[in-house]
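Colleague: Quick one, model23.tsv (TSV, C-alpha atoms):
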```
chain	number	residue	atom	x	y	z
A	28	MET	CA	0.00	0.00	0.00
A	29	LYS	CA	1.16	3.54	-0.77
A	30	ILE	CA	0.95	5.94	2.17
A	31	LEU	CA	1.54	9.68	1.84
A	32	LEU	CA	2.99	11.31	4.97
A	33	ASN	CA	2.03	14.95	5.48
A	34	PHE	CA	4.75	16.16	7.85
A	35	ILE	CA	4.55	19.79	6.68
A	36	PRO	CA	3.33	20.94	10.14
A	37	LEU	CA	6.50	19.62	11.81
A	38	LYS	CA	8.96	22.50	11.89
A	39	SER	CA	10.58	22.61	15.33
A	40	GLY	CA	10.53	21.24	18.85
A	41	GLY	CA	9.14	17.91	19.94
A	42	GLY	CA	7.07	17.45	16.80
A	43	ILE	CA	10.25	17.07	14.75
A	44	GLN	CA	11.45	14.34	17.09
A	45	VAL	CA	8.14	12.50	16.81
A	46	GLY	CA	8.28	12.78	13.02
A	47	LEU	CA	11.88	11.58	12.74
A	48	ASP	CA	11.13	8.63	14.99
A	49	PHE	CA	8.02	7.73	12.95
A	50	ILE	CA	10.09	7.76	9.75
A	51	GLU	CA	12.76	5.58	11.34
A	52	GLN	CA	10.11	3.09	12.46
A	53	ALA	CA	8.57	3.08	8.97
A	54	LYS	CA	11.96	2.25	7.50
A	55	GLN	CA	12.47	-0.66	9.88
A	56	HIS	CA	8.98	-1.96	10.60
A	57	GLY	CA	6.76	-0.63	7.81
A	58	GLN	CA	8.50	-2.31	4.90
A	59	GLN	CA	5.26	-3.89	3.66
A	60	HIS	CA	4.20	-0.39	2.53
A	61	GLU	CA	5.62	2.43	0.41
A	62	TRP	CA	5.93	5.72	2.30
A	63	PHE	CA	6.04	9.06	0.47
A	64	LEU	CA	7.08	12.01	2.62
A	65	VAL	CA	6.02	15.66	2.25
A	66	ALA	CA	7.94	18.09	4.45
A	67	THR	CA	8.71	21.77	5.00
A	68	ALA	CA	11.93	23.12	3.50
A	69	GLY	CA	14.80	23.65	5.90
A	70	THR	CA	13.64	21.13	8.49
A	71	ALA	CA	15.33	17.91	9.58
A	72	ILE	CA	12.30	16.05	8.19
A	73	ALA	CA	13.03	17.34	4.67
A	74	GLN	CA	16.60	16.08	4.91
A	75	VAL	CA	15.99	12.49	5.97
A	76	GLN	CA	17.90	9.79	4.18
A	77	GLU	CA	15.73	7.89	1.72
A	78	THR	CA	15.47	4.11	1.63
A	79	ASP	CA	13.78	1.59	-0.65
A	80	ASN	CA	10.45	2.04	1.13
A	81	VAL	CA	10.67	5.68	2.32
A	82	ARG	CA	11.08	8.52	-0.17
A	83	VAL	CA	10.83	12.32	-0.01
A	84	ALA	CA	8.04	13.13	-2.46
A	85	LYS	CA	7.76	16.89	-1.99
A	86	VAL	CA	9.41	19.72	-0.05
A	87	VAL	CA	7.15	22.74	0.43
A	88	PRO	CA	8.63	26.24	0.94
A	89	ASN	CA	8.54	27.47	4.52
A	90	ASN	CA	5.93	30.18	4.19
A	91	LEU	CA	2.18	30.38	4.79
A	92	ILE	CA	1.15	31.14	1.20
A	93	ALA	CA	3.07	28.16	-0.22
A	94	ARG	CA	1.65	25.85	2.45
A	95	VAL	CA	-1.98	26.94	1.95
A	96	TRP	CA	-1.67	26.66	-1.82
A	97	PHE	CA	-0.21	23.18	-1.60
A	98	GLU	CA	-2.78	21.93	0.93
A	99	HIS	CA	-5.71	23.12	-1.21
A	100	VAL	CA	-4.39	22.86	-4.77
A	101	GLY	CA	-0.83	21.59	-5.17
A	102	CYS	CA	-1.42	18.32	-3.35
A	103	LYS	CA	-3.85	17.19	-6.05
A	104	ALA	CA	-1.13	16.68	-8.68
A	105	LEU	CA	1.05	14.80	-6.20
A	106	ILE	CA	-1.84	12.53	-5.25
A	107	ASP	CA	-2.69	11.89	-8.91
A	108	THR	CA	0.94	10.86	-9.49
A	109	ILE	CA	1.47	8.65	-6.45
A	110	LYS	CA	-2.13	7.40	-6.01
A	111	PRO	CA	-1.86	6.75	-2.26
A	112	ALA	CA	-4.49	4.79	-0.38
A	113	VAL	CA	-4.33	7.24	2.54
A	114	VAL	CA	-2.70	10.49	3.68
A	115	TYR	CA	-1.42	10.50	7.26
A	116	THR	CA	-0.88	13.95	8.78
A	117	GLN	CA	1.26	14.22	11.90
A	118	PHE	CA	0.09	16.94	14.30
A	119	GLY	CA	-1.80	19.20	11.93
A	120	PRO	CA	-4.91	19.60	9.76
A	121	HIS	CA	-5.49	17.37	6.75
A	122	TRP	CA	-5.31	18.64	3.17
A	123	PRO	CA	-8.73	19.91	1.99
A	124	GLY	CA	-7.62	19.24	-1.58
A	125	ALA	CA	-6.87	15.56	-0.91
A	126	LYS	CA	-9.84	13.49	-2.04
A	127	VAL	CA	-8.48	10.31	-0.48
A	128	ALA	CA	-8.68	8.90	3.04
A	129	ASN	CA	-7.17	11.24	5.63
A	130	VAL	CA	-5.88	10.18	9.05
A	131	VAL	CA	-4.52	12.90	11.34
A	132	GLY	CA	-2.61	12.94	14.61
A	133	CYS	CA	-3.98	15.80	16.71
A	134	ALA	CA	-1.91	17.89	19.13
A	135	TYR	CA	-4.31	20.86	19.35
A	136	SER	CA	-5.07	20.09	22.98
A	137	ASN	CA	-6.34	23.60	23.74
A	138	LEU	CA	-9.38	22.95	21.53
A	139	PHE	CA	-10.58	20.32	23.99
A	140	TYR	CA	-9.96	22.22	27.25
A	141	PRO	CA	-12.26	25.25	26.84
A	142	GLU	CA	-11.97	25.95	30.58
A	143	ILE	CA	-8.30	26.92	30.06
A	144	ASP	CA	-7.72	30.42	28.66
A	145	PHE	CA	-4.86	29.16	26.52
A	146	TRP	CA	-4.11	32.43	24.70
A	147	GLY	CA	-5.08	34.71	27.58
A	148	THR	CA	-1.58	36.06	28.26
A	149	LEU	CA	-1.12	37.35	24.71
A	150	PRO	CA	-1.89	40.94	23.64
A	151	LEU	CA	-5.32	41.49	22.06
A	152	VAL	CA	-4.45	41.27	18.36
A	153	PRO	CA	-2.22	38.16	18.53
A	154	ARG	CA	-4.78	36.52	20.81
A	155	VAL	CA	-7.62	37.13	18.34
A	156	VAL	CA	-5.50	35.82	15.48
A	157	ARG	CA	-4.71	32.64	17.40
A	158	GLU	CA	-8.36	32.11	18.29
A	159	VAL	CA	-9.39	32.49	14.64
A	160	VAL	CA	-6.73	29.96	13.62
A	161	ASP	CA	-8.06	27.57	16.27
A	162	TRP	CA	-11.56	27.95	14.84
A	163	PHE	CA	-10.35	26.89	11.39
A	164	ARG	CA	-8.28	24.03	12.85
A	165	GLY	CA	-11.29	22.72	14.73
A	166	GLY	CA	-13.42	22.78	11.60
A	167	ARG	CA	-10.79	20.90	9.62
A	168	LEU	CA	-10.80	18.04	12.14
A	169	PHE	CA	-14.35	17.14	11.11
A	170	GLY	CA	-13.11	16.51	7.57
A	171	ALA	CA	-10.70	13.76	8.63
A	172	ASP	CA	-11.58	10.08	8.41
A	173	ALA	CA	-9.75	9.34	11.67
A	174	VAL	CA	-8.20	11.51	14.39
A	175	ILE	CA	-5.54	10.07	16.72
A	176	PHE	CA	-4.99	11.57	20.17
A	177	GLU	CA	-2.14	10.90	22.58
A	178	THR	CA	-4.08	10.57	25.83
A	179	PRO	CA	-7.38	8.90	26.75
A	180	ASP	CA	-8.51	12.17	28.33
A	181	LEU	CA	-8.08	14.05	25.04
A	182	ALA	CA	-9.85	11.32	23.06
A	183	GLU	CA	-12.77	11.33	25.51
A	184	ARG	CA	-13.02	15.12	25.43
A	185	ALA	CA	-12.92	15.12	21.61
A	186	VAL	CA	-16.18	13.17	21.64
A	187	ARG	CA	-17.86	14.66	24.72
A	188	VAL	CA	-16.80	18.31	24.43
A	189	PHE	CA	-15.97	18.74	20.74
A	190	HIS	CA	-18.54	16.26	19.38
A	191	LEU	CA	-16.27	14.44	16.97
A	192	PRO	CA	-17.88	11.15	15.81
A	193	SER	CA	-16.70	8.45	18.21
A	194	ASP	CA	-15.96	5.99	15.38
A	195	ARG	CA	-13.34	8.40	14.02
A	196	VAL	CA	-11.56	8.99	17.34
A	197	HIS	CA	-8.58	6.87	18.37
A	198	CYS	CA	-5.94	7.01	21.10
A	199	VAL	CA	-2.32	5.97	20.73
A	200	ARG	CA	-0.22	6.72	23.78
A	201	PRO	CA	3.12	8.39	23.06
A	202	SER	CA	6.52	6.84	23.59
A	203	VAL	CA	9.89	8.39	24.14
A	204	SER	CA	11.77	9.08	20.92
A	205	SER	CA	14.34	6.46	20.00
A	206	LEU	CA	16.70	9.46	19.65
A	207	VAL	CA	16.67	10.07	23.42
A	208	ASN	CA	18.03	7.47	25.82
A	209	PRO	CA	21.03	7.25	28.16
A	210	GLY	CA	23.10	5.39	25.56
A	211	VAL	CA	22.84	8.06	22.85
A	212	GLU	CA	25.98	10.13	22.29
A	213	HIS	CA	26.44	13.36	20.34
A	214	ARG	CA	29.93	14.80	20.59
A	215	PRO	CA	29.16	18.42	19.46
A	216	THR	CA	26.45	18.82	22.10
A	217	ARG	CA	28.57	17.11	24.74
A	218	ASP	CA	31.37	19.59	24.03
A	219	ARG	CA	28.94	22.53	24.39
A	220	CYS	CA	27.80	21.15	27.75
A	221	ALA	CA	31.27	21.87	29.13
A	222	ASP	CA	30.19	25.54	29.34
A	223	LEU	CA	27.19	24.87	31.55
A	224	PRO	CA	27.39	26.72	34.89
A	225	LYS	CA	28.00	24.69	38.01
A	226	GLY	CA	25.10	24.11	40.37
A	227	PHE	CA	21.84	22.18	40.53
A	228	ARG	CA	20.76	22.35	36.90
A	229	VAL	CA	17.05	22.36	36.04
A	230	LEU	CA	16.29	21.83	32.35
A	231	LEU	CA	13.39	23.30	30.40
A	232	LEU	CA	14.01	21.85	26.94
A	233	ALA	CA	11.55	23.67	24.70
A	234	SER	CA	11.25	26.16	21.90
A	235	CYS	CA	9.98	29.65	22.67
A	236	GLN	CA	6.22	29.05	22.86
A	237	HIS	CA	4.12	31.10	25.24
A	238	HIS	CA	2.30	28.14	26.80
A	239	LYS	CA	5.62	26.72	28.03
A	240	ASN	CA	5.83	29.65	30.50
A	241	ILE	CA	9.60	29.99	30.20
A	242	ASP	CA	9.18	33.61	31.29
A	243	LEU	CA	8.32	32.35	34.79
A	244	LEU	CA	11.80	31.03	35.54
A	245	PRO	CA	13.48	34.34	36.50
A	246	ASP	CA	10.72	34.85	39.07
A	247	VAL	CA	11.33	31.38	40.52
A	248	ALA	CA	15.07	32.08	40.67
A	249	HIS	CA	14.32	35.37	42.43
A	250	VAL	CA	12.21	33.62	45.08
A	251	LEU	CA	14.97	31.06	45.62
A	252	ARG	CA	17.55	33.80	46.05
A	253	THR	CA	15.59	36.27	48.20
A	254	GLN	CA	13.36	34.03	50.31
A	255	HIS	CA	15.44	30.86	50.59
A	256	ARG	CA	18.99	32.25	50.21
A	257	VAL	CA	19.66	29.71	47.45
A	258	ASP	CA	21.64	30.85	44.41
A	259	ASP	CA	23.14	27.59	43.14
A	260	VAL	CA	20.05	26.50	41.15
A	261	VAL	CA	20.60	27.10	37.44
A	262	PHE	CA	17.68	27.00	34.97
A	263	VAL	CA	18.90	25.77	31.59
A	264	ILE	CA	16.71	26.91	28.68
A	265	THR	CA	17.08	26.20	24.96
A	266	ILE	CA	15.54	29.08	23.03
A	267	PRO	CA	16.99	30.99	20.04
A	268	PRO	CA	19.11	33.90	21.30
A	269	GLY	CA	17.91	36.40	18.70
A	270	LEU	CA	14.19	36.37	19.56
A	271	GLU	CA	12.50	39.33	21.24
A	272	GLU	CA	10.99	36.95	23.81
A	273	THR	CA	14.47	35.61	24.64
A	274	ARG	CA	15.78	39.13	25.18
A	275	ARG	CA	12.77	39.92	27.38
A	276	ILE	CA	13.32	36.85	29.58
A	277	LEU	CA	17.04	37.51	30.01
A	278	SER	CA	16.41	41.22	30.61
A	279	ASN	CA	13.95	40.36	33.37
A	280	ALA	CA	16.54	38.02	34.91
A	281	ARG	CA	19.06	40.90	34.99
A	282	ARG	CA	16.47	43.23	36.49
A	283	LEU	CA	15.79	40.72	39.27
A	284	GLY	CA	19.49	40.10	39.84
A	285	VAL	CA	19.34	36.42	38.86
A	286	GLU	CA	21.04	36.51	35.46
A	287	ARG	CA	23.56	33.90	36.62
A	288	GLN	CA	20.73	31.50	37.40
A	289	ILE	CA	19.23	31.58	33.89
A	290	TYR	CA	21.46	29.98	31.26
A	291	ASN	CA	20.31	29.93	27.65
A	292	PHE	CA	22.00	26.95	26.01
A	293	GLY	CA	20.25	27.76	22.73
A	294	PRO	CA	18.61	25.32	20.33
A	295	VAL	CA	19.76	21.71	20.59
A	296	PRO	CA	19.91	19.30	17.64
A	297	HIS	CA	17.57	16.38	18.10
A	298	ALA	CA	20.49	13.96	18.17
A	299	GLY	CA	22.00	15.94	21.05
A	300	CYS	CA	19.07	16.18	23.47
A	301	ALA	CA	20.20	13.15	25.48
A	302	GLU	CA	23.56	14.80	26.19
A	303	LEU	CA	21.87	17.84	27.72
A	304	TYR	CA	19.61	15.68	29.88
A	305	LYS	CA	22.66	13.84	31.19
A	306	GLU	CA	24.21	17.09	32.41
A	307	CYS	CA	21.12	18.34	34.25
A	308	ASP	CA	19.70	17.27	37.60
A	309	ALA	CA	15.97	17.81	37.10
A	310	VAL	CA	13.44	18.68	34.39
A	311	ILE	CA	10.69	21.28	34.65
A	312	LEU	CA	7.61	21.71	32.44
A	313	PRO	CA	5.44	24.57	33.80
A	314	SER	CA	3.14	24.54	30.75
A	315	SER	CA	-0.45	25.66	30.70
A	316	LEU	CA	-1.38	22.70	28.52
A	317	GLU	CA	0.20	19.90	26.47
A	318	SER	CA	-1.24	17.00	24.49
A	319	LEU	CA	1.62	14.97	25.87
A	320	SER	CA	5.01	16.56	25.70
A	321	ASN	CA	7.96	14.44	24.64
A	322	LYS	CA	9.75	15.99	27.59
A	323	ILE	CA	7.65	14.00	30.05
A	324	ALA	CA	8.65	10.62	28.64
A	325	GLU	CA	12.21	11.84	28.05
A	326	ALA	CA	12.61	12.88	31.69
A	327	TRP	CA	11.48	9.41	32.75
A	328	THR	CA	13.79	7.68	30.28
A	329	MET	CA	16.76	9.83	31.28
A	330	GLN	CA	15.95	9.16	34.96
A	331	LYS	CA	15.49	12.79	35.95
A	332	PRO	CA	12.87	14.02	38.44
A	333	LEU	CA	10.11	15.92	36.65
A	334	LEU	CA	8.34	19.02	37.98
A	335	ILE	CA	5.12	19.86	36.13
A	336	SER	CA	2.05	22.11	36.41
A	337	ASP	CA	-0.60	20.80	38.78
A	338	LEU	CA	-3.36	20.70	36.16
A	339	ASP	CA	-5.76	17.97	35.04
A	340	TRP	CA	-3.97	17.27	31.75
A	341	ALA	CA	-0.65	16.76	33.57
A	342	ARG	CA	-2.07	14.41	36.20
A	343	SER	CA	-3.79	12.46	33.42
A	344	CYS	CA	-0.41	12.00	31.70
A	345	CYS	CA	1.93	11.54	34.65
A	346	GLY	CA	0.06	9.92	37.51
A	347	ASP	CA	2.51	9.55	40.40
A	348	GLY	CA	5.52	10.06	38.15
A	349	ALA	CA	6.03	13.78	38.70
A	350	VAL	CA	6.25	16.55	41.29
A	351	TYR	CA	3.24	18.84	40.85
A	352	VAL	CA	3.62	22.60	41.24
A	353	ARG	CA	0.87	25.21	41.38
A	354	TYR	CA	0.38	26.81	37.98
A	355	ARG	CA	2.43	30.01	37.53
A	356	ASP	CA	3.19	30.20	41.25
A	357	PRO	CA	6.93	30.99	41.65
A	358	GLY	CA	6.77	30.48	45.41
A	359	ASP	CA	5.32	26.98	45.20
A	360	ILE	CA	7.67	26.03	42.37
A	361	ALA	CA	10.65	27.21	44.43
A	362	ARG	CA	9.54	25.20	47.48
A	363	LYS	CA	8.98	22.01	45.50
A	364	LEU	CA	12.26	22.47	43.67
A	365	LEU	CA	14.16	22.80	46.94
A	366	LEU	CA	12.61	19.56	48.14
A	367	VAL	CA	13.86	17.83	45.00
A	368	LYS	CA	17.28	19.46	45.27
A	369	GLU	CA	17.91	18.74	48.94
A	370	SER	CA	16.66	15.16	49.23
A	371	ALA	CA	18.35	12.45	47.16
A	372	GLU	CA	15.86	9.98	48.60
A	373	TYR	CA	12.94	12.04	47.32
A	374	ARG	CA	14.56	12.46	43.90
A	375	ASN	CA	15.08	8.73	43.60
A	376	MET	CA	11.48	8.05	44.62
A	377	ILE	CA	10.11	10.38	41.92
A	378	VAL	CA	12.41	8.86	39.29
A	379	GLU	CA	11.28	5.36	40.24
A	380	LYS	CA	7.60	6.32	40.11
A	381	GLY	CA	8.22	7.88	36.71
A	382	ARG	CA	9.76	4.64	35.53
A	383	GLN	CA	6.69	2.75	36.73
A	384	VAL	CA	4.28	5.10	34.93
A	385	GLN	CA	6.36	4.93	31.76
A	386	ALA	CA	5.93	1.16	31.75
A	387	ILE	CA	2.29	1.59	30.66
A	388	TYR	CA	3.36	3.53	27.57
A	389	PRO	CA	4.36	1.77	24.36
A	390	SER	CA	7.86	1.40	22.96
A	391	PRO	CA	8.58	3.34	19.75
A	392	ARG	CA	7.99	0.15	17.74
A	393	GLU	CA	4.72	-0.59	19.55
A	394	ARG	CA	3.54	2.97	19.08
A	395	PHE	CA	4.27	2.81	15.36
A	396	ALA	CA	2.36	-0.47	15.09
A	397	GLN	CA	-0.67	1.13	16.75
A	398	TYR	CA	-0.54	4.12	14.43
A	399	LEU	CA	-0.17	1.82	11.45
A	400	ALA	CA	-3.20	-0.21	12.50
A	401	VAL	CA	-5.36	2.93	12.47
A	402	ILE	CA	-3.93	4.07	9.12
A	403	GLU	CA	-4.53	0.67	7.53
A	404	ALA	CA	-8.05	0.44	8.94
A	405	HIS	CA	-9.09	3.75	7.36
A	406	ALA	CA	-7.19	3.49	4.06
A	407	GLY	CA	-9.46	3.83	1.06
A	408	GLY	CA	-12.34	5.49	2.88
A	409	VAL	CA	-13.37	9.16	2.75
A	410	ALA	CA	-15.20	10.97	5.55
A	411	ALA	CA	-18.78	11.92	4.83
```
What is this file in structure tokens?
Modeller:
Amino acid sequence: MKILLNFIPLKSGGGIQVGLDFIEQAKQHGQQHEWFLVATAGTAIAQVQETDNVRVAKVVPNNLIARVWFEHVGCKALIDTIKPAVVYTQFGPHWPGAKVANVVGCAYSNLFYPEIDFWGTLPLVPRVVREVVDWFRGGRLFGADAVIFETPDLAERAVRVFHLPSDRVHCVRPSVSSLVNPGVEHRPTRDRCADLPKGFRVLLLASCQHHKNIDLLPDVAHVLRTQHRVDDVVFVITIPPGLEETRRILSNARRLGVERQIYNFGPVPHAGCAELYKECDAVILPSSLESLSNKIAEAWTMQKPLLISDLDWARSCCGDGAVYVRYRDPGDIARKLLLVKESAEYRNMIVEKGRQVQAIYPSPRERFAQYLAVIEAHAGGVAA
């Protein structure tokens, strides 16, 4: 069977890792099918090495006009040439111009948690733009033949809250990327780690997205310094140095007198993430919402204690495998972080509980097999 992979939405962050891992699994364990990849120019996805069963069919320019044109018009010629039985889209809307079966993996978790004001911290105009985009994304989901979610809670909400037809909703739990495990080595990243400041290093491995709440870290460092007299905790972030948001975060750290406690490592190649985990002592994810961040499973795999927002989505994902901190509360985050820092016994307990929770999640090969089962089941059909 010919399967067309729409990986255009994957441009940065954890989505790239998921996409690269999916392609690797298709090469190894999907050899009964032919896979044709469509990707965005300049991404690691567009540069994957082809094999007998996995080929790069199209690279779309990295701009909105080119993407919209291809999704509505340009894809038709590609489909006529390849004649796939199904198009699988990873973490994005399906192609309206594709009159074949469409299966999509959905990471738009904010659509299914209306009680969370996901864009509320943005200025008025950007917030309205994001909400309009969400409206279009939600509408596109109803045109897919199958929608795959990463948590049972999201799948249940998609039916109960969003009213997607239950026979089109599936759940495939995530797995840690095969690119991230203690045995992975990447010399360039390891060499860069030599410049990390000494201290108890807390990693927030994420691109500069507002829902990650990276801007909160200088305030946490300030509480640690002024209220607890602790200045040897270093928050390691990985955002591009040239962004306005990066400058704002670092400027706030200087204003609060904690610039030495915020270290921007900068973007990390996907092959090098494991090296950065190895050099840090804990992982923090103070997000407002995630479908299921790779960073959760990666923290468990790399045996690092995980601190995460005390919200329903996080407890649904992590169970007992994390330390929960009150959302956007620097004081509570500082207190919980000190507990992790000062007690090796507590750290080890959280790591062990994380390992136990991770055991219910599939391996990369098992996850791919579950995705493939959904894709195969819906191939050839078209949503009404």
Colleague: Compare A:Val81, A:Ala371, A:Val174, A:Leu231 by their minimum atom-to-atom distance to Ala326 of chain A, counting all atoms listed in the file, and give me the closest one.
Modeller: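 For Ala326 of chain A, the nearest of the given residues is A:Leu231.
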Colleague: Would you work out the distance separating atom CA of His190 of chain A from atom CA of Ala404 of chain A, expressed in Å to one decimal?
Modeller: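 Result for atom CA of His190 of chain A versus atom CA of Ala404 of chain A: 21.7 Å, one decimal.
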Colleague: Per residue of segment 93-206 of chain A within 12 Å of segment 240-263 of chain A, which atom pair is closest and at what distance in Å (one decimal), using only C-alpha atoms, listed by chain and increasing number, as a Markdown table?
Modeller:
```
| residue | atom | partner | partner_atom | distance |
| --- | --- | --- | --- | --- |
| A:Phe145 | CA | A:Asn240 | CA | 11.4 |
| A:Trp146 | CA | A:Asn240 | CA | 11.8 |
| A:Thr148 | CA | A:Asn240 | CA | 10.1 |
| A:Leu149 | CA | A:Asn240 | CA | 11.9 |
```
Colleague: Between atom CA of Leu91 of chain A and atom CA of Phe139 of chain A, measure the distance and give it in Å to one decimal.
Modeller: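 Atom CA of Phe139 of chain A lies 25.2 Å from atom CA of Leu91 of chain A.
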Colleague: Mind dumping a table of every segment 353-403 of chain A residue within 10 Å of segment 57-65 of chain A, with the nearest atom pair and its distance in Å to one decimal, using only C-alpha atoms, sorted by chain and rising number, as JSON lines?
Modeller:
```
{"residue": "A:Phe395", "atom": "CA", "partner": "A:Gly57", "partner_atom": "CA", "distance": 8.7}
{"residue": "A:Ala396", "atom": "CA", "partner": "A:Gly57", "partner_atom": "CA", "distance": 8.5}
{"residue": "A:Leu399", "atom": "CA", "partner": "A:Gly57", "partner_atom": "CA", "distance": 8.2}
```
Colleague: Neighbouring residues of Ile323 of chain A were defined as those with any atom within 12 Å, considering all atoms listed in the file; residues of the same chain fewer than 2 positions away were excluded. Please report them as a PyMOL selection string.
Modeller: chain A and resi 41+201-204+207+230-233+309-314+317-321+325-336+341-342+344-346+348-350+378+381-382+384-385+388
Colleague: Would you list the residues near (3.4, 11.3, 4.4) (no more than 12 Å away, in the coordinates of the file, using only C-alpha atoms) as JSON, numbers by chain?
Modeller: {"A": [29, 30, 31, 32, 33, 34, 35, 36, 37, 46, 47, 49, 50, 53, 60, 61, 62, 63, 64, 65, 66, 67, 72, 73, 81, 82, 83, 84, 85, 86, 102, 105, 106, 109, 111, 112, 113, 114, 115, 116, 117, 118, 121, 122, 129, 130, 131, 132, 402]}
Colleague: For the selection just defined, write its residues with C-alpha atoms to a file, as a tab-separated table (two decimals), keeping the file's coordinate frame.
Modeller:
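Saved the output as again-v2.tsv:
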```tsv
chain	number	residue	atom	x	y	z
A	29	LYS	CA	1.16	3.54	-0.77
A	30	ILE	CA	0.95	5.94	2.17
A	31	LEU	CA	1.54	9.68	1.84
A	32	LEU	CA	2.99	11.31	4.97
A	33	ASN	CA	2.03	14.95	5.48
A	34	PHE	CA	4.75	16.16	7.85
A	35	ILE	CA	4.55	19.79	6.68
A	36	PRO	CA	3.33	20.94	10.14
A	37	LEU	CA	6.50	19.62	11.81
A	46	GLY	CA	8.28	12.78	13.02
A	47	LEU	CA	11.88	11.58	12.74
A	49	PHE	CA	8.02	7.73	12.95
A	50	ILE	CA	10.09	7.76	9.75
A	53	ALA	CA	8.57	3.08	8.97
A	60	HIS	CA	4.20	-0.39	2.53
A	61	GLU	CA	5.62	2.43	0.41
A	62	TRP	CA	5.93	5.72	2.30
A	63	PHE	CA	6.04	9.06	0.47
A	64	LEU	CA	7.08	12.01	2.62
A	65	VAL	CA	6.02	15.66	2.25
A	66	ALA	CA	7.94	18.09	4.45
A	67	THR	CA	8.71	21.77	5.00
A	72	ILE	CA	12.30	16.05	8.19
A	73	ALA	CA	13.03	17.34	4.67
A	81	VAL	CA	10.67	5.68	2.32
A	82	ARG	CA	11.08	8.52	-0.17
A	83	VAL	CA	10.83	12.32	-0.01
A	84	ALA	CA	8.04	13.13	-2.46
A	85	LYS	CA	7.76	16.89	-1.99
A	86	VAL	CA	9.41	19.72	-0.05
A	102	CYS	CA	-1.42	18.32	-3.35
A	105	LEU	CA	1.05	14.80	-6.20
A	106	ILE	CA	-1.84	12.53	-5.25
A	109	ILE	CA	1.47	8.65	-6.45
A	111	PRO	CA	-1.86	6.75	-2.26
A	112	ALA	CA	-4.49	4.79	-0.38
A	113	VAL	CA	-4.33	7.24	2.54
A	114	VAL	CA	-2.70	10.49	3.68
A	115	TYR	CA	-1.42	10.50	7.26
A	116	THR	CA	-0.88	13.95	8.78
A	117	GLN	CA	1.26	14.22	11.90
A	118	PHE	CA	0.09	16.94	14.30
A	121	HIS	CA	-5.49	17.37	6.75
A	122	TRP	CA	-5.31	18.64	3.17
A	129	ASN	CA	-7.17	11.24	5.63
A	130	VAL	CA	-5.88	10.18	9.05
A	131	VAL	CA	-4.52	12.90	11.34
A	132	GLY	CA	-2.61	12.94	14.61
A	402	ILE	CA	-3.93	4.07	9.12
```
Colleague: To one decimal in Å, tell me the separation between atom CA of Val87 of chain A and atom CA of Asp107 of chain A.
Modeller: 17.4 Å
Colleague: Residues around (0.1, 37.1, 26.3), cut-off 12 Å, counting all atoms listed in the file - what are they as number ranges by chain?
Modeller: A: 144-155, 157, 236-240, 242, 272
Colleague: From the list A:Leu365, A:Ala406, A:Ala324, A:Ala298, which residue is nearest Pro215 of chain A when using only C-alpha atoms?
Modeller: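 Closest to Pro215 of chain A, using only C-alpha atoms: A:Ala298.
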Colleague: List the neighbours of Glu286 of chain A out to 8 Å using all atoms listed in the file; skip same-chain residues closer than 4 positions along the sequence, and give me the result as a list in words.
Modeller: Pro245, Leu277, Ala280, Arg281 and Tyr290 of chain A
Colleague: How would the residues just chosen look if you wrote them out with C-alpha atoms as a PDB file, in the coordinates of the input?
Modeller:
```pdb
ATOM      1  CA  PRO A 245      13.480  34.340  36.500  1.00  0.00           C
ATOM      2  CA  LEU A 277      17.040  37.510  30.010  1.00  0.00           C
ATOM      3  CA  ALA A 280      16.540  38.020  34.910  1.00  0.00           C
ATOM      4  CA  ARG A 281      19.060  40.900  34.990  1.00  0.00           C
ATOM      5  CA  TYR A 290      21.460  29.980  31.260  1.00  0.00           C
TER       6      TYR A 290
END
```
Colleague: Choose the residue, out of A:Ser343, A:Lys322, A:His56, A:Gly358, that has the smallest atom-to-atom separation from Gln44 of chain A; count all atoms listed in the file.
Modeller: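 Result for the nearest residue to Gln44 of chain A: A:Lys322.
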Colleague: Of the candidates A:Tyr304, A:Tyr135, A:Phe169, A:Tyr354, which one gets nearest to Val229 of chain A if we count all atoms listed in the file?
Modeller: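 Of A:Tyr304, A:Tyr135, A:Phe169, A:Tyr354, the one nearest Val229 of chain A is A:Tyr304, counting all atoms listed in the file.
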Colleague: Calculated over all atoms listed in the file, which of the candidates A:Pro141, A:Gly210, A:Gly284, A:Gly293 has the smallest distance to Leu270 of chain A?
Modeller: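 Closest to Leu270 of chain A of all the choices is A:Gly293.
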Colleague: Once you count all atoms listed in the file, what closest atom pair and distance in Å to one decimal does each residue of segment 116-178 of chain A within 12 Å of segment 95-101 of chain A have, with rows by chain and rising residue number, as JSON lines?
Modeller:
```
{"residue": "A:Thr116", "atom": "CA", "partner": "A:Glu98", "partner_atom": "CA", "distance": 11.4}
{"residue": "A:Gly119", "atom": "CA", "partner": "A:Glu98", "partner_atom": "CA", "distance": 11.4}
{"residue": "A:Pro120", "atom": "CA", "partner": "A:Glu98", "partner_atom": "CA", "distance": 9.4}
{"residue": "A:His121", "atom": "CA", "partner": "A:Glu98", "partner_atom": "CA", "distance": 7.9}
{"residue": "A:Trp122", "atom": "CA", "partner": "A:Glu98", "partner_atom": "CA", "distance": 4.7}
{"residue": "A:Pro123", "atom": "CA", "partner": "A:His99", "partner_atom": "CA", "distance": 5.4}
{"residue": "A:Gly124", "atom": "CA", "partner": "A:His99", "partner_atom": "CA", "distance": 4.3}
{"residue": "A:Ala125", "atom": "CA", "partner": "A:His99", "partner_atom": "CA", "distance": 7.7}
{"residue": "A:Lys126", "atom": "CA", "partner": "A:His99", "partner_atom": "CA", "distance": 10.5}
{"residue": "A:Arg167", "atom": "CA", "partner": "A:Glu98", "partner_atom": "CA", "distance": 11.9}
```
